[in-house]
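Take a look at the structure below.
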Amino acid sequence: MAKFVIAGRADCPYYAKAELLADYLQKNLPNFQIYKITQHPDVWEEWLKDVCEKNKWNHQKSPIIWRELLDRGGKGLLLGGYNEFLEHAQLYYDVTSSMMTELMMVIAQENLEAHIEKELEKEAQKDLISPLQVWITSATSPACYNLLPILTSGEVFGMQTEISLTLFDKEQTEEHLRSLVMETEDLASPVLRSVSSCTEVKHAFHQAHVVIVLDDSTEEEVYCLEECLRSRLPLCRLYGYLIEKNAHESVRVIVGGKTFVNLKAVLLMIHAPSITHNIIAVALGVEGQAKAAVARKLKTTASCIKDVIIWGNITGNNYVDLRKARVYRHDSAIWGPPQFSRPVLDVIFDSEWVKREFVMTIKNLTSTGKQFGRILAAHSIATTLKYWYHGSPPGEIVSLGVLSEGQFGIPEGIVFSMPVKFENGTWVVLTDLKDVELSEQIMTRITSDLIQEKLVAFGDVMTFQPYQSEHDLSPRDKKVSLPSTDDKQEERKGSNVSGHKGSILSDQAPDEEKDPVMSDEST
């Protein structure tokens, strides 16, 4: 029995011609068998080199054809390329090929498309077999306790996707991590393939598909804002290097927490430049706080409030925009089916509440971070991941911290919360939204701190200077505490850190800066 192996570049017309001739011979000769191998054009040369080195052959073009010696074993017998195969067929079987060049090119293109489709199917099958590798940094932080049950419930990645969790933290937390691993195993989740811990830096993020960056818990005292900002750089530099080195090429990095989320995201992007688009900062926590405040005012539930936009610094100087916000199922004089909604600003008749009390409520929540607890942090991270993998609700606006490319007039090179939608496994900035322009005054106020945070972190600026408008030039001597990354630290008193977060939305700021509506009438 004669068995021939025909291997070639998927888009090679001579491979297509040899393949057609071999198919004819196999169909008409009982003892003639063929085995086909196609390789993508990008990997063909390397594959051919490996095959020739292994078998000590000398062949440089596509296709390569050899005969398997089934009756004697050992390595195959090289026949050559297309011309040699054609001569063999004519000599031994009196068969030749009359395929025209045009038809060869058509079949070659079809072969390439079929090869790509087959490779995609293989990758999909691998995904079903191999679990999704999910890494969580600072895994002993409080938010992780609430995040683990959500991740293992199947609600985030789907019940058909198995996950393998790795909890990463400092070496001194090893015992704590072991306890956390055991608790997670006790959940007996059907989607949890495995859970393990890691404290060795060199092994961090190995083949990670998802990296969740939580607040770094620390027991160290921080005496000034600049020191706190600069302390983020070494850790993000390390994480960025390890993610670039060890993680899967399609890794998705999601930064959550209640301190310097935008800064940490942009530092990771700088040190992991190949995955910049796959690094995002979670803004749904602040968005949820704003929705809840509006819902309490309207005596409804927060889930009935949609399309609230968070602009700027997620855990700092941000701007809550209600111009696109809508309320569903609101009990009022105008009623409609479940899909019926009304603009929030048409329903709230108390404009002073919108301009003052609402702004102060969000300011207090953002500046202290104390209300951004474990449950909210975990839920906002899990929901963002769910949207990233399965898409956000159709037609709904989602706030997300992403790298600015100049959209909406935002300075480039900073991570800025802005309106997006999730679809097809990625996110898209909603640049086509109308009537969401930010005034120059508003833009300056919410970008200046982000730019300064980055400069201070890199040491380009030694002292952080909070933004001050023309109306806000009086001395600021008030000492405030930075939001703690560790819930235990929130109980401590007497912090010596001067006020960056406390100055985020100044009590002395003019109404036109505070107004989340940003209408011309506010001036």
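The way I read the labels, and the way they are meant: chains A, B, ... in the order of the structure tokens, residue 1 as the first residue of every chain, and ligand 1 as the first ligand shown, with later ones counted on from there.
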Q: Could you tell me, as a PyMOL selection string, which residues of region 278-389 of chain A DSSP assigns to alpha helix (DSSP H) when given the backbone?
A: chain A and resi 284-298+344-347+351-352+358-368+374-389
Q: Within 12 Å of Leu433 (chain A), counting only C-alpha atoms, which residues show up once you throw out same-chain ones fewer than 6 positions away? Write them as a ChimeraX atom specification, please.
A: /A:307,309,323-324,395-397,407-408,418-421
Could you write out that same residue set with C-alpha atoms as a PDB file, in the first residue's frame?
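In the end it all went to result.pdb:
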ATOM      1  CA  ASP A 307     -27.557  55.871  31.710  1.00  0.00           C
ATOM      2  CA  ILE A 309     -22.376  58.891  33.162  1.00  0.00           C
ATOM      3  CA  ARG A 323     -28.241  64.606  31.178  1.00  0.00           C
ATOM      4  CA  LYS A 324     -28.749  61.175  29.600  1.00  0.00           C
ATOM      5  CA  GLY A 395     -28.809  50.589  24.300  1.00  0.00           C
ATOM      6  CA  GLU A 396     -27.536  51.147  27.843  1.00  0.00           C
ATOM      7  CA  ILE A 397     -24.674  53.519  28.675  1.00  0.00           C
ATOM      8  CA  GLN A 407     -12.385  61.651  22.695  1.00  0.00           C
ATOM      9  CA  PHE A 408     -14.725  64.407  23.926  1.00  0.00           C
ATOM     10  CA  MET A 418     -16.279  57.982  30.027  1.00  0.00           C
ATOM     11  CA  PRO A 419     -19.418  56.452  28.447  1.00  0.00           C
ATOM     12  CA  VAL A 420     -18.922  53.117  26.647  1.00  0.00           C
ATOM     13  CA  LYS A 421     -20.780  50.009  25.586  1.00  0.00           C
TER      14      LYS A 421
END
Q) Which of these residues is nearest to Ala295 (chain A), using only C-alpha atoms: A:Asp460, A:Glu227, A:Asp331, A:Asp432? A)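 Using only C-alpha atoms, Ala295 (chain A) sits closest to A:Asp331.
For the atom pair formed by CA of Ile442 (chain A) and CA of Pro343 (chain A), the distance is 22.5 Å, given to one decimal.
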Q. CA of Leu151 (chain A) and CA of Ser138 (chain A) are how many Å apart?
A. 16.1 Å
Q.
What parts of region 86-308 of chain A does DSSP call strand (DSSP E or B)? I'd like the answer as a ChimeraX atom specification.
A. /A:132-136,163-168,192-198,210-213,252-255,279-282,305-306
Take the residues that were just selected and, keeping C-alpha atoms, output them as a compact mmCIF listing (two decimals), in the first residue's frame.
# COMPACT_ATOMS: atom_id res chain seq x y z
CA LEU A 132 -10.24 30.15 32.11
CA GLN A 133 -7.24 31.21 34.21
CA VAL A 134 -8.32 33.98 36.61
CA TRP A 135 -5.77 35.67 38.88
CA ILE A 136 -6.68 38.00 41.76
CA ILE A 163 -12.46 28.67 35.70
CA SER A 164 -9.22 28.11 37.55
CA LEU A 165 -8.64 30.68 40.30
CA THR A 166 -5.22 31.74 41.58
CA LEU A 167 -5.09 33.97 44.65
CA PHE A 168 -1.94 36.11 44.63
CA LEU A 192 -14.63 25.88 39.50
CA ARG A 193 -11.97 23.54 38.07
CA SER A 194 -9.34 24.47 40.66
CA VAL A 195 -8.27 27.13 43.15
CA SER A 196 -4.75 27.75 44.35
CA SER A 197 -2.59 30.42 45.95
CA CYS A 198 0.65 32.04 44.85
CA VAL A 210 -8.06 37.51 33.45
CA VAL A 211 -6.18 39.56 36.05
CA ILE A 212 -8.20 41.38 38.71
CA VAL A 213 -6.15 44.07 40.46
CA ARG A 252 -7.79 41.10 30.21
CA VAL A 253 -6.81 43.26 33.18
CA ILE A 254 -9.46 44.94 35.31
CA VAL A 255 -8.47 47.45 38.01
CA ILE A 279 -6.63 47.21 30.69
CA ILE A 280 -9.66 48.97 32.15
CA ALA A 281 -10.67 50.68 35.40
CA VAL A 282 -14.02 49.90 37.05
CA ILE A 305 -32.14 54.39 36.98
CA LYS A 306 -30.16 54.00 33.76
Q: Determine the nearest neighbour of Val402 (chain A) from the options A:Leu365, A:Ala382, A:Ile414, A:Val5, counting only C-alpha atoms.
A: A:Ile414
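When CA of Leu438 (chain A) is paired with CA of Phe416 (chain A), their separation reads 13.3 Å.
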Q) With distances taken over only C-alpha atoms, which of A:Trp335, A:Phe358, A:Trp311, A:Tyr328 is nearest to Ser404 (chain A)? A) A:Trp311
Q.
I'd like the contact shell of Glu68 (chain A) - 7 Å cut-off, only C-alpha atoms, skipping same-chain residues fewer than 6 positions apart - returned as a PyMOL selection string.
A. chain A and resi 3-4+76-77
Any idea what's packed within 8 Å of Leu214 (chain A), counting only C-alpha atoms, ignoring anything in its chain fewer than 4 positions away? Could you give it as an mmCIF file with all heavy atoms, in the first residue's frame?
data_model
loop_
_atom_site.group_PDB
_atom_site.id
_atom_site.type_symbol
_atom_site.label_atom_id
_atom_site.label_comp_id
_atom_site.auth_asym_id
_atom_site.auth_seq_id
_atom_site.Cartn_x
_atom_site.Cartn_y
_atom_site.Cartn_z
ATOM 1 N N ILE A 136 -6.236 36.870 40.940
ATOM 2 C CA ILE A 136 -6.684 37.997 41.765
ATOM 3 C C ILE A 136 -5.512 38.467 42.612
ATOM 4 O O ILE A 136 -4.954 37.684 43.394
ATOM 5 C CB ILE A 136 -7.861 37.609 42.671
ATOM 6 C CG1 ILE A 136 -9.018 37.028 41.845
ATOM 7 C CG2 ILE A 136 -8.334 38.809 43.473
ATOM 8 C CD1 ILE A 136 -10.189 36.546 42.679
ATOM 9 N N THR A 137 -5.120 39.729 42.454
ATOM 10 C CA THR A 137 -4.037 40.275 43.264
ATOM 11 C C THR A 137 -4.592 40.759 44.603
ATOM 12 O O THR A 137 -5.787 41.004 44.744
ATOM 13 C CB THR A 137 -3.345 41.448 42.562
ATOM 14 O OG1 THR A 137 -4.205 42.601 42.588
ATOM 15 C CG2 THR A 137 -3.015 41.101 41.112
ATOM 16 N N SER A 138 -3.686 40.894 45.582
ATOM 17 C CA SER A 138 -4.092 41.328 46.927
ATOM 18 C C SER A 138 -5.301 40.525 47.388
ATOM 19 O O SER A 138 -6.309 41.064 47.858
ATOM 20 C CB SER A 138 -4.406 42.824 46.947
ATOM 21 O OG SER A 138 -3.320 43.574 46.459
ATOM 22 N N ALA A 139 -5.194 39.201 47.244
ATOM 23 C CA ALA A 139 -6.341 38.321 47.448
ATOM 24 C C ALA A 139 -6.833 38.262 48.884
ATOM 25 O O ALA A 139 -7.947 37.787 49.130
ATOM 26 C CB ALA A 139 -6.007 36.908 46.960
ATOM 27 N N SER A 141 -7.382 40.923 50.591
ATOM 28 C CA SER A 141 -8.136 42.156 50.838
ATOM 29 C C SER A 141 -9.623 41.825 51.004
ATOM 30 O O SER A 141 -10.113 40.830 50.458
ATOM 31 C CB SER A 141 -7.946 43.142 49.678
ATOM 32 O OG SER A 141 -8.447 42.602 48.482
ATOM 33 N N ALA A 143 -12.398 42.881 49.773
ATOM 34 C CA ALA A 143 -13.265 42.778 48.590
ATOM 35 C C ALA A 143 -13.211 41.397 47.965
ATOM 36 O O ALA A 143 -14.183 40.928 47.373
ATOM 37 C CB ALA A 143 -12.872 43.840 47.563
ATOM 38 N N CYS A 144 -12.065 40.712 48.107
ATOM 39 C CA CYS A 144 -11.911 39.394 47.492
ATOM 40 C C CYS A 144 -12.895 38.381 48.075
ATOM 41 O O CYS A 144 -13.384 37.506 47.364
ATOM 42 C CB CYS A 144 -10.479 38.909 47.655
ATOM 43 S SG CYS A 144 -10.112 37.385 46.760
ATOM 44 N N VAL A 255 -8.959 46.789 36.796
ATOM 45 C CA VAL A 255 -8.475 47.446 38.008
ATOM 46 C C VAL A 255 -9.662 47.968 38.796
ATOM 47 O O VAL A 255 -10.454 48.774 38.283
ATOM 48 C CB VAL A 255 -7.516 48.602 37.668
ATOM 49 C CG1 VAL A 255 -6.943 49.217 38.942
ATOM 50 C CG2 VAL A 255 -6.387 48.115 36.764
ATOM 51 N N GLY A 256 -9.815 47.502 40.024
ATOM 52 C CA GLY A 256 -10.911 47.944 40.876
ATOM 53 C C GLY A 256 -10.395 48.436 42.208
ATOM 54 O O GLY A 256 -9.203 48.385 42.496
ATOM 55 N N GLY A 257 -11.313 48.912 43.037
ATOM 56 C CA GLY A 257 -10.933 49.387 44.359
ATOM 57 C C GLY A 257 -11.435 50.782 44.625
ATOM 58 O O GLY A 257 -12.284 51.315 43.913
#
Q) Between A:Leu225, A:Asp186, A:Leu403, A:Gln339, which is the closest to Pro273 (chain A) once you count only C-alpha atoms? A) A:Leu403
